file model-v6.cif (mmCIF, C-alpha atoms)
data_run
#
loop_
_atom_site.group_PDB
_atom_site.id
_atom_site.type_symbol
_atom_site.label_atom_id
_atom_site.label_comp_id
_atom_site.auth_asym_id
_atom_site.auth_seq_id
_atom_site.Cartn_x
_atom_site.Cartn_y
_atom_site.Cartn_z
ATOM 1 C CA MET A 132 -9.830 21.336 37.007
ATOM 2 C CA LYS A 133 -8.745 22.365 33.554
ATOM 3 C CA THR A 134 -11.445 21.755 30.950
ATOM 4 C CA MET A 135 -10.452 19.319 28.271
ATOM 5 C CA LYS A 136 -11.854 19.787 24.832
ATOM 6 C CA GLU A 137 -13.028 17.190 22.347
ATOM 7 C CA GLU A 138 -12.513 18.058 18.722
ATOM 8 C CA PHE A 139 -14.131 16.276 15.789
ATOM 9 C CA LEU A 140 -12.583 15.926 12.368
ATOM 10 C CA ASP A 141 -14.565 14.603 9.431
ATOM 11 C CA CYS A 142 -12.250 12.876 6.944
ATOM 12 C CA MET A 143 -14.876 10.820 5.149
ATOM 13 C CA HIS A 144 -14.277 10.140 1.444
ATOM 14 C CA GLU A 145 -10.776 11.551 1.555
ATOM 15 C CA ALA A 146 -7.755 9.616 0.359
ATOM 16 C CA CYS A 147 -4.278 9.498 1.922
ATOM 17 C CA PRO A 148 -2.564 11.630 2.966
ATOM 18 C CA ILE A 149 -5.336 14.255 3.377
ATOM 19 C CA PRO A 150 -6.748 12.843 6.667
ATOM 20 C CA LEU A 151 -3.313 12.901 8.253
ATOM 21 C CA ILE A 152 -2.503 16.428 7.051
ATOM 22 C CA LYS A 153 -5.833 17.638 8.442
ATOM 23 C CA ALA A 154 -5.138 15.908 11.744
ATOM 24 C CA SER A 155 -1.648 17.355 12.072
ATOM 25 C CA LYS A 156 -2.961 20.884 11.448
ATOM 26 C CA LYS A 157 -5.737 20.408 13.974
ATOM 27 C CA LEU A 158 -3.375 18.941 16.581
ATOM 28 C CA GLN A 159 -1.129 21.984 16.338
ATOM 29 C CA LYS A 160 -4.013 24.220 17.414
ATOM 30 C CA MET A 161 -5.065 21.926 20.251
ATOM 31 C CA LYS A 162 -3.838 22.023 23.831
ATOM 32 C CA ALA A 163 -2.210 19.115 25.631
ATOM 33 C CA LYS A 164 -4.694 16.515 26.961
ATOM 34 C CA ASP A 165 -7.345 17.565 24.410
ATOM 35 C CA LEU A 166 -8.957 14.716 22.500
ATOM 36 C CA LEU A 167 -9.300 14.523 18.733
ATOM 37 C CA ILE A 168 -11.877 12.271 17.085
ATOM 38 C CA MET A 169 -11.247 11.515 13.424
ATOM 39 C CA LYS A 170 -13.750 9.752 11.238
ATOM 40 C CA THR A 171 -12.512 8.099 8.066
ATOM 41 C CA ASP A 172 -13.560 5.479 5.531
ATOM 42 C CA HIS A 173 -10.055 5.149 4.135
ATOM 43 C CA ASN A 174 -8.627 1.935 5.507
ATOM 44 C CA CYS A 175 -5.004 2.770 4.745
ATOM 45 C CA SER A 176 -4.978 6.160 6.385
ATOM 46 C CA ILE A 177 -5.300 4.348 9.729
ATOM 47 C CA THR A 178 -1.842 2.805 9.260
ATOM 48 C CA ASN A 179 -0.383 6.174 8.361
ATOM 49 C CA VAL A 180 -2.011 7.947 11.292
ATOM 50 C CA ILE A 181 -0.939 5.249 13.789
ATOM 51 C CA GLU A 182 2.689 5.384 12.735
ATOM 52 C CA TRP A 183 2.857 9.161 12.592
ATOM 53 C CA VAL A 184 1.030 9.709 15.900
ATOM 54 C CA ASP A 185 3.307 7.162 17.597
ATOM 55 C CA LYS A 186 6.314 9.021 16.341
ATOM 56 C CA GLN A 187 4.930 12.312 17.643
ATOM 57 C CA GLY A 188 4.377 10.666 21.016
ATOM 58 C CA HIS A 189 0.624 11.262 21.268
ATOM 59 C CA LYS A 190 -1.714 8.596 22.573
ATOM 60 C CA MET A 191 -4.188 6.976 20.240
ATOM 61 C CA ASP A 192 -6.492 4.094 19.401
ATOM 62 C CA TYR A 193 -9.181 3.354 16.825
ATOM 63 C CA ILE A 194 -12.336 1.298 16.370
ATOM 64 C CA GLU A 195 -14.475 0.317 13.407
ATOM 65 C CA ILE A 196 -17.569 2.315 14.051
ATOM 66 C CA GLY A 197 -19.688 1.248 11.080
ATOM 67 C CA ARG A 198 -19.101 -0.981 8.091
ATOM 68 C CA GLY A 199 -15.941 0.347 6.509
ATOM 69 C CA GLU A 200 -15.958 3.439 8.711
ATOM 70 C CA TRP A 201 -13.439 4.004 11.446
ATOM 71 C CA GLU A 202 -12.982 6.478 14.263
ATOM 72 C CA ILE A 203 -9.492 7.314 15.400
ATOM 73 C CA TYR A 204 -9.031 8.830 18.848
ATOM 74 C CA ILE A 205 -5.951 10.866 19.614
ATOM 75 C CA GLU A 206 -5.005 12.389 22.947
ATOM 76 C CA LYS A 207 -2.529 15.175 22.526
ATOM 77 C CA VAL A 208 0.561 14.867 24.683
ATOM 78 C CA ASP A 209 2.624 17.946 25.329
ATOM 79 C CA SER A 210 6.098 17.211 24.081
ATOM 80 C CA HIS A 211 7.680 19.517 26.680
ATOM 81 C CA GLU A 212 6.205 17.713 29.685
ATOM 82 C CA MET B 67 -0.405 3.629 22.704
ATOM 83 C CA THR B 68 -3.771 4.156 24.268
ATOM 84 C CA SER B 69 -4.806 5.992 27.441
ATOM 85 C CA GLU B 70 -7.589 5.819 30.028
ATOM 86 C CA ARG B 71 -9.503 8.672 28.483
ATOM 87 C CA ILE B 72 -9.314 7.144 25.025
ATOM 88 C CA GLU B 73 -10.619 3.839 26.392
ATOM 89 C CA ALA B 74 -13.534 5.682 28.005
ATOM 90 C CA LEU B 75 -14.250 7.500 24.767
ATOM 91 C CA LYS B 76 -14.126 4.229 22.808
ATOM 92 C CA LYS B 77 -16.674 2.658 25.144
ATOM 93 C CA ARG B 78 -18.955 5.670 24.913
ATOM 94 C CA ARG B 79 -18.857 5.737 21.115
ATOM 95 C CA GLN B 80 -19.491 1.989 20.892
ATOM 96 C CA GLU B 81 -22.566 2.397 23.102
ATOM 97 C CA GLU B 82 -23.793 5.266 20.933
ATOM 98 C CA MET B 83 -23.277 3.213 17.781
ATOM 99 C CA LYS B 84 -25.264 0.255 19.123
ATOM 100 C CA ALA B 85 -28.394 2.395 18.798
ATOM 101 C CA ILE B 86 -27.839 2.778 15.052
ATOM 102 C CA LYS B 87 -28.796 -0.297 13.052
ATOM 103 C CA THR B 88 -26.507 -1.297 10.203
ATOM 104 C CA ARG B 89 -27.443 -3.723 7.475
ATOM 105 C CA ASP B 90 -25.812 -7.150 7.609
ATOM 106 C CA GLN B 91 -23.483 -7.438 4.626
ATOM 107 C CA SER B 92 -22.437 -11.056 5.074
ATOM 108 C CA PRO B 93 -24.898 -12.404 2.403
ATOM 109 C CA TYR B 94 -22.903 -10.427 -0.199
ATOM 110 C CA GLY B 95 -19.703 -12.043 1.046
ATOM 111 C CA TRP B 96 -21.124 -15.568 0.888
ATOM 112 C CA THR B 97 -22.561 -14.948 -2.607
ATOM 113 C CA LEU B 98 -19.165 -13.734 -3.819
ATOM 114 C CA LEU B 99 -17.419 -16.726 -2.257
ATOM 115 C CA ILE B 100 -19.802 -19.109 -4.043
ATOM 116 C CA ILE B 101 -19.203 -17.296 -7.359
ATOM 117 C CA VAL B 102 -15.426 -17.560 -6.820
ATOM 118 C CA LEU B 103 -15.676 -21.286 -6.026
ATOM 119 C CA GLY B 104 -17.845 -21.725 -9.157
ATOM 120 C CA ILE B 105 -15.234 -20.031 -11.341
ATOM 121 C CA VAL B 106 -12.437 -22.109 -9.772
ATOM 122 C CA SER B 107 -14.319 -25.366 -10.397
ATOM 123 C CA VAL B 108 -14.956 -24.407 -14.045
ATOM 124 C CA LEU B 109 -11.221 -23.698 -14.415
ATOM 125 C CA PHE B 110 -10.454 -26.996 -12.679
ATOM 126 C CA ILE B 111 -12.668 -28.955 -15.072
ATOM 127 C CA ASN B 112 -10.940 -27.297 -18.042
ATOM 128 C CA GLN B 113 -7.517 -28.004 -16.478
ATOM 129 C CA SER B 114 -6.535 -24.385 -17.035
ATOM 130 C CA HIS B 115 -3.461 -23.068 -15.198
ATOM 131 C CA TYR B 116 -5.695 -20.166 -14.117
ATOM 132 C CA MET B 117 -7.074 -22.661 -11.619
ATOM 133 C CA TRP B 118 -4.038 -21.715 -9.488
ATOM 134 C CA VAL B 119 -3.613 -18.127 -10.637
ATOM 135 C CA PHE B 120 -7.162 -17.006 -9.914
ATOM 136 C CA PRO B 121 -7.397 -18.071 -6.231
ATOM 137 C CA LEU B 122 -3.831 -16.887 -5.695
ATOM 138 C CA GLY B 123 -4.819 -13.441 -6.970
ATOM 139 C CA ILE B 124 -7.777 -13.382 -4.615
ATOM 140 C CA LEU B 125 -5.576 -14.356 -1.665
ATOM 141 C CA ILE B 126 -3.058 -11.630 -2.551
ATOM 142 C CA GLY B 127 -5.896 -9.099 -2.714
ATOM 143 C CA PHE B 128 -7.226 -10.304 0.635
ATOM 144 C CA THR B 129 -3.772 -9.958 2.211
ATOM 145 C CA LEU B 130 -3.281 -6.475 0.791
ATOM 146 C CA GLU B 131 -6.644 -5.344 2.121
ATOM 147 C CA ARG B 132 -6.341 -6.842 5.588
ATOM 148 C CA SER B 133 -2.761 -5.688 6.129
ATOM 149 C CA ARG B 134 -3.562 -2.161 4.863
ATOM 150 C CA PHE B 135 -0.493 -2.446 2.722
ATOM 151 C CA CYS B 136 0.117 0.439 0.342
ATOM 152 C CA PHE B 137 2.979 0.773 -2.110
ATOM 153 C CA THR B 138 2.147 4.432 -2.689
ATOM 154 C CA ALA B 139 2.409 5.226 1.017
ATOM 155 C CA SER B 140 5.694 3.328 1.241
ATOM 156 C CA ILE B 141 7.271 5.725 -1.243
ATOM 157 C CA ARG B 142 5.415 8.874 -0.215
ATOM 158 C CA ASN B 143 5.494 8.690 3.587
ATOM 159 C CA PRO B 144 9.268 8.988 4.040
ATOM 160 C CA LEU B 145 9.186 12.357 2.275
ATOM 161 C CA THR B 146 5.876 13.725 3.549
ATOM 162 C CA LEU B 147 5.782 12.307 7.095
ATOM 163 C CA GLY B 148 9.251 10.974 7.812
ATOM 164 C CA THR B 149 7.902 7.477 8.509
ATOM 165 C CA THR B 150 9.421 4.452 6.804
ATOM 166 C CA LYS B 151 7.661 1.384 8.225
ATOM 167 C CA LEU B 152 5.968 0.610 4.902
ATOM 168 C CA LEU B 153 9.110 1.310 2.895
ATOM 169 C CA GLN B 154 10.997 -1.167 5.103
ATOM 170 C CA ALA B 155 8.218 -3.700 4.497
ATOM 171 C CA VAL B 156 8.502 -3.238 0.734
ATOM 172 C CA ILE B 157 12.291 -3.656 0.849
ATOM 173 C CA LEU B 158 11.881 -6.840 2.917
ATOM 174 C CA ALA B 159 9.339 -8.137 0.408
ATOM 175 C CA LEU B 160 11.823 -7.439 -2.395
ATOM 176 C CA MET B 161 14.506 -9.378 -0.516
ATOM 177 C CA VAL B 162 12.208 -12.368 -0.067
ATOM 178 C CA SER B 163 11.179 -12.317 -3.726
ATOM 179 C CA THR B 164 14.833 -11.951 -4.760
ATOM 180 C CA VAL B 165 15.653 -15.225 -3.010
ATOM 181 C CA PHE B 166 12.644 -17.081 -4.404
ATOM 182 C CA PHE B 167 13.100 -15.750 -7.940
ATOM 183 C CA PHE B 168 16.729 -16.815 -7.702
ATOM 184 C CA ILE B 169 15.699 -20.363 -6.787
ATOM 185 C CA LEU B 170 13.051 -20.402 -9.527
ATOM 186 C CA GLN B 171 15.458 -19.127 -12.180
ATOM 187 C CA VAL B 172 18.266 -21.482 -11.219
ATOM 188 C CA LEU B 173 15.872 -24.436 -11.312
ATOM 189 C CA THR B 174 14.291 -23.519 -14.672
ATOM 190 C CA LEU B 175 17.273 -22.329 -16.662
ATOM 191 C CA ASP B 176 19.891 -24.411 -18.361
ATOM 192 C CA ILE B 177 22.757 -22.457 -16.781
ATOM 193 C CA GLY B 178 25.413 -21.318 -19.223
ATOM 194 C CA ASN B 179 23.167 -21.914 -22.185
ATOM 195 C CA PHE B 180 19.965 -19.877 -22.134
ATOM 196 C CA LEU B 181 18.363 -16.874 -23.790
ATOM 197 C CA ILE B 182 17.303 -13.819 -21.795
ATOM 198 C CA SER B 183 13.771 -14.287 -23.097
ATOM 199 C CA GLU B 184 13.653 -17.680 -21.336
ATOM 200 C CA VAL B 185 14.294 -16.213 -17.869
ATOM 201 C CA PRO B 186 11.183 -16.467 -15.638
ATOM 202 C CA GLY B 187 9.906 -12.971 -14.937
ATOM 203 C CA THR B 188 9.764 -10.373 -17.673
ATOM 204 C CA LEU B 189 13.082 -8.684 -18.374
ATOM 205 C CA ARG B 190 13.016 -5.483 -20.387
ATOM 206 C CA PRO B 191 15.791 -3.101 -21.468
ATOM 207 C CA ILE B 192 16.235 -0.118 -19.159
ATOM 208 C CA GLY B 193 16.736 3.381 -20.470
ATOM 209 C CA TRP B 194 15.063 6.787 -20.464
ATOM 210 C CA ASN B 195 11.759 4.995 -20.941
ATOM 211 C CA THR B 196 12.153 3.593 -17.408
ATOM 212 C CA VAL B 197 12.883 7.033 -15.945
ATOM 213 C CA ILE B 198 10.040 8.806 -17.760
ATOM 214 C CA GLY B 199 7.527 6.062 -17.101
ATOM 215 C CA GLY B 200 8.520 5.785 -13.446
ATOM 216 C CA SER B 201 8.245 9.521 -12.874
ATOM 217 C CA LEU B 202 4.849 9.758 -14.568
ATOM 218 C CA PHE B 203 3.584 6.792 -12.574
ATOM 219 C CA GLY B 204 5.006 8.172 -9.315
ATOM 220 C CA VAL B 205 3.394 11.596 -9.694
ATOM 221 C CA GLY B 206 0.115 9.987 -10.717
ATOM 222 C CA MET B 207 -0.035 7.522 -7.851
ATOM 223 C CA VAL B 208 0.630 10.133 -5.182
ATOM 224 C CA ILE B 209 -2.063 12.462 -6.561
ATOM 225 C CA ALA B 210 -4.559 9.620 -7.024
ATOM 226 C CA GLY B 211 -3.756 8.054 -3.640
ATOM 227 C CA GLY B 212 -3.009 4.596 -4.949
ATOM 228 C CA CYS B 213 -0.916 2.558 -7.341
ATOM 229 C CA ALA B 214 -2.397 -0.282 -9.370
ATOM 230 C CA SER B 215 -2.933 -2.805 -6.561
ATOM 231 C CA GLY B 216 -3.901 -0.128 -4.041
ATOM 232 C CA THR B 217 -6.525 1.312 -6.358
ATOM 233 C CA LEU B 218 -8.029 -2.126 -7.031
ATOM 234 C CA VAL B 219 -8.122 -2.968 -3.318
ATOM 235 C CA ARG B 220 -9.879 0.271 -2.462
ATOM 236 C CA VAL B 221 -12.372 -0.066 -5.300
ATOM 237 C CA GLY B 222 -13.188 -3.450 -3.768
ATOM 238 C CA GLU B 223 -13.617 -1.804 -0.382
ATOM 239 C CA GLY B 224 -16.133 0.580 -1.885
ATOM 240 C CA PHE B 225 -14.059 3.737 -1.742
ATOM 241 C CA THR B 226 -15.786 5.870 -4.386
ATOM 242 C CA LEU B 227 -12.981 8.285 -5.240
ATOM 243 C CA GLN B 228 -10.765 5.453 -6.399
ATOM 244 C CA MET B 229 -13.359 4.183 -8.887
ATOM 245 C CA VAL B 230 -12.691 7.362 -10.869
ATOM 246 C CA VAL B 231 -8.965 6.694 -10.466
ATOM 247 C CA LEU B 232 -9.405 3.164 -11.839
ATOM 248 C CA MET B 233 -11.129 4.473 -14.987
ATOM 249 C CA ALA B 234 -8.342 7.007 -15.537
ATOM 250 C CA PHE B 235 -5.805 4.274 -14.863
ATOM 251 C CA ILE B 236 -7.279 2.083 -17.603
ATOM 252 C CA ALA B 237 -7.479 5.047 -19.991
ATOM 253 C CA GLY B 238 -3.824 5.927 -19.334
ATOM 254 C CA ALA B 239 -2.657 2.349 -19.731
ATOM 255 C CA LEU B 240 -4.494 2.082 -23.064
ATOM 256 C CA LEU B 241 -3.125 5.402 -24.292
ATOM 257 C CA ALA B 242 0.530 4.837 -23.401
ATOM 258 C CA GLY B 243 0.721 1.055 -23.463
ATOM 259 C CA VAL B 244 -1.367 0.267 -26.509
ATOM 260 C CA PHE B 245 -1.836 3.283 -28.774
ATOM 261 C CA HIS B 246 1.528 4.966 -28.177
ATOM 262 C CA TYR B 247 3.626 1.858 -27.617
ATOM 263 C CA SER B 248 5.350 2.066 -30.999
ATOM 264 C CA PHE B 249 6.541 5.609 -30.161
ATOM 265 C CA TRP B 250 8.165 4.404 -26.920
ATOM 266 C CA TYR B 251 9.575 1.339 -28.612
ATOM 267 C CA ASP B 252 11.085 3.258 -31.541
ATOM 268 C CA SER B 253 12.512 6.078 -29.421
ATOM 269 C CA PHE B 254 13.954 4.194 -26.466
ATOM 270 C CA ILE B 255 13.802 0.425 -26.596
ATOM 271 C CA GLU B 256 14.706 -0.645 -30.111
ATOM 272 C CA GLY B 257 18.127 -2.185 -30.491
ATOM 273 C CA ARG B 258 18.802 -2.456 -26.738
ATOM 274 C CA GLU B 259 19.344 -5.659 -24.811
ATOM 275 C CA ALA B 260 17.835 -6.367 -21.430
ATOM 276 C CA ILE B 261 20.467 -6.495 -18.695
ATOM 277 C CA TYR B 262 20.502 -9.733 -16.709
ATOM 278 C CA LEU B 263 23.030 -9.502 -13.883
ATOM 279 C CA PRO B 264 23.783 -13.254 -13.566
ATOM 280 C CA ASN B 265 24.995 -13.173 -17.185
ATOM 281 C CA ILE B 266 27.564 -10.532 -16.273
ATOM 282 C CA ILE B 267 28.801 -11.503 -12.804
ATOM 283 C CA GLY B 268 27.345 -14.989 -12.287
ATOM 284 C CA PHE B 269 24.338 -16.255 -10.367
ATOM 285 C CA ILE B 270 25.588 -16.322 -6.751
ATOM 286 C CA PRO B 271 27.366 -12.913 -6.888
ATOM 287 C CA ALA B 272 24.250 -11.383 -8.479
ATOM 288 C CA LEU B 273 22.088 -12.726 -5.645
ATOM 289 C CA LEU B 274 24.514 -11.489 -2.985
ATOM 290 C CA LEU B 275 24.884 -8.085 -4.656
ATOM 291 C CA GLN B 276 21.132 -7.561 -4.848
ATOM 292 C CA LEU B 277 20.597 -8.657 -1.233
ATOM 293 C CA THR B 278 23.418 -6.368 -0.055
ATOM 294 C CA VAL B 279 21.993 -3.348 -1.892
ATOM 295 C CA LEU B 280 18.517 -4.041 -0.489
ATOM 296 C CA GLY B 281 19.961 -4.556 2.994
ATOM 297 C CA LEU B 282 21.744 -1.209 2.815
ATOM 298 C CA LEU B 283 18.538 0.474 1.660
ATOM 299 C CA TYR B 284 16.702 -1.121 4.597
ATOM 300 C CA ALA B 285 19.264 0.153 7.080
ATOM 301 C CA GLY B 286 19.195 3.573 5.430
ATOM 302 C CA ALA B 287 15.400 3.726 5.698
ATOM 303 C CA ARG B 288 15.536 2.913 9.419
ATOM 304 C CA LYS B 289 18.130 5.561 10.065
ATOM 305 C CA PHE B 290 16.183 8.104 8.020
ATOM 306 C CA ALA B 291 13.032 7.562 10.104
ATOM 307 C CA LYS B 292 14.936 8.098 13.346
ATOM 308 C CA ARG B 293 16.578 11.295 12.178
ATOM 309 C CA LYS B 294 13.761 12.902 10.286
ATOM 310 C CA ASN B 295 10.913 14.397 12.268
ATOM 311 C CA ILE B 296 8.097 16.234 10.570
#

call {"tool": "encode", "arguments": {"input": "model-v6.cif", "output": "structure tokens"}}
result
Amino acid sequence: MKTMKEEFLDCMHEACPIPLIKASKKLQKMKAKDLLIMKTDHNCSITNVIEWVDKQGHKMDYIEIGRGEWEIYIEKVDSHE
Amino acid sequence: MTSERIEALKKRRQEEMKAIKTRDQSPYGWTLLIIVLGIVSVLFINQSHYMWVFPLGILIGFTLERSRFCFTASIRNPLTLGTTKLLQAVILALMVSTVFFFILQVLTLDIGNFLISEVPGTLRPIGWNTVIGGSLFGVGMVIAGGCASGTLVRVGEGFTLQMVVLMAFIAGALLAGVFHYSFWYDSFIEGREAIYLPNIIGFIPALLLQLTVLGLLYAGARKFAKRKNI
């Protein structure tokens, strides 16, 4: 079985659109089926990430992990599959 | 869209987080609510019209926060990410407010016999002042990550960076709006009349024209998002 990696991205205290730019750069380096965990305290960047990730076709979801802190989980989908 | 592995990861992280104790913040919320109700009742006793304005402002703030609405993102995202959901939302909001402002203005004004200064909503002459001010504001809001309402909402959320932005925002507003206002007035505004479309083409055509333009912009935004992929 192919090993699937989990990457962590700390986006705490960063305003839009920095978290999304960081995520897009990280996703480019990742392989399909790898998971990316993003941590952010910027409420609005969730909306941006959801819409952008949807458009790219990756899978994602998020939860509020602490008070005013969220974790966004993205599973990279290979666009050529 | 979620997947099995993401669901598993979510569960795992939630379990891990249960071990960490967080302080209950609801007492702060209740205290604030009581303060708000106190202010509203004082305004009510004094029969001030702020009795309506103040709670309305709080409800607008609540809506902005919960919906994660962001005017800055609505303008910035189409160019940086190729996504236009928020821009479409803003255009829709403008269409709704166009209709309601139309009703309000028709009901308040003595049609055929009114001054522009009597029109509900503040009408100001357009000119280079609009272009310069808009550009300065646009550059500033994208760098700072928030316009006026966005910055206030995020300060309320406790986002530290934007507290600095708020201070700069106030400083800028004082500098340009108060200390330098006469410069802007003398150079661009003096001697110009505000343009009020219903005065030129009539009330109903003005409403239809504005709704058509906004509708076209909405359609254009949708098409743009489908074509553009970043």

call {"tool": "residues_around", "arguments": {"input": "model-v6.cif", "residues": "B:Ala155", "least_positions_apart": "6", "cutoff": "9 Å", "atoms": "all atoms listed in the file", "output": "list in words"}}
result
Phe135, Ser140 and Tyr284 of chain B

call {"tool": "closest_atom_pairs", "arguments": {"input": "model-v6.cif", "of": "chain B", "to": "chain A", "cutoff": "7 Å", "atoms": "only C-alpha atoms", "output": "tab-separated table"}}
result
residue	atom	partner	partner_atom	distance
B:Met67	CA	A:Lys190	CA	5.1
B:Thr68	CA	A:Met191	CA	4.9
B:Ser69	CA	A:Lys190	CA	6.3
B:Ile72	CA	A:Tyr204	CA	6.4
B:Met83	CA	A:Ile196	CA	6.9
B:Arg134	CA	A:Cys175	CA	5.1
B:Leu147	CA	A:Trp183	CA	7.0
B:Thr149	CA	A:Trp183	CA	6.7
B:Gly211	CA	A:Cys147	CA	5.8

call {"tool": "resolve_selection", "arguments": {"input": "model-v6.cif", "expression": "the PyMOL selection byres ((chain B and resi 152) around 9)", "output": "PyMOL selection string"}}
result
chain B and resi 135-137+139-141+143+149-151+153-157

call {"tool": "closest_residue", "arguments": {"input": "model-v6.cif", "among": "B:Leu275, B:Ala74, B:Leu202, B:Leu98", "to": "B:Leu263", "atoms": "all atoms listed in the file"}}
result
B:Leu275

call {"tool": "residues_around", "arguments": {"input": "model-v6.cif", "residues": "B:Trp250", "least_positions_apart": "4", "cutoff": "10 Å", "atoms": "all atoms listed in the file", "output": "JSON list (two decimals) with C-alpha atoms, keeping the file's coordinate frame"}}
result
[["chain", "number", "residue", "atom", "x", "y", "z"],
["B", 194, "TRP", "CA", 15.06, 6.79, -20.46],
["B", 195, "ASN", "CA", 11.76, 5.00, -20.94],
["B", 199, "GLY", "CA", 7.53, 6.06, -17.10],
["B", 242, "ALA", "CA", 0.53, 4.84, -23.40],
["B", 243, "GLY", "CA", 0.72, 1.06, -23.46],
["B", 246, "HIS", "CA", 1.53, 4.97, -28.18],
["B", 254, "PHE", "CA", 13.95, 4.19, -26.47],
["B", 255, "ILE", "CA", 13.80, 0.42, -26.60],
["B", 256, "GLU", "CA", 14.71, -0.64, -30.11]]

call {"tool": "resolve_selection", "arguments": {"input": "model-v6.cif", "expression": "the PyMOL selection byres ((chain A and resi 135) around 12)", "output": "mmCIF file with C-alpha atoms, in the coordinates of the input"}}
result
data_model
loop_
_atom_site.group_PDB
_atom_site.id
_atom_site.type_symbol
_atom_site.label_atom_id
_atom_site.label_comp_id
_atom_site.auth_asym_id
_atom_site.auth_seq_id
_atom_site.Cartn_x
_atom_site.Cartn_y
_atom_site.Cartn_z
ATOM 1 C CA MET A 132 -9.830 21.336 37.007
ATOM 2 C CA LYS A 133 -8.745 22.365 33.554
ATOM 3 C CA THR A 134 -11.445 21.755 30.950
ATOM 4 C CA LYS A 136 -11.854 19.787 24.832
ATOM 5 C CA GLU A 137 -13.028 17.190 22.347
ATOM 6 C CA GLU A 138 -12.513 18.058 18.722
ATOM 7 C CA MET A 161 -5.065 21.926 20.251
ATOM 8 C CA LYS A 162 -3.838 22.023 23.831
ATOM 9 C CA ALA A 163 -2.210 19.115 25.631
ATOM 10 C CA LYS A 164 -4.694 16.515 26.961
ATOM 11 C CA ASP A 165 -7.345 17.565 24.410
ATOM 12 C CA LEU A 166 -8.957 14.716 22.500
ATOM 13 C CA LEU A 167 -9.300 14.523 18.733
ATOM 14 C CA GLU A 206 -5.005 12.389 22.947
ATOM 15 C CA LYS A 207 -2.529 15.175 22.526
ATOM 16 C CA ARG B 71 -9.503 8.672 28.483
#
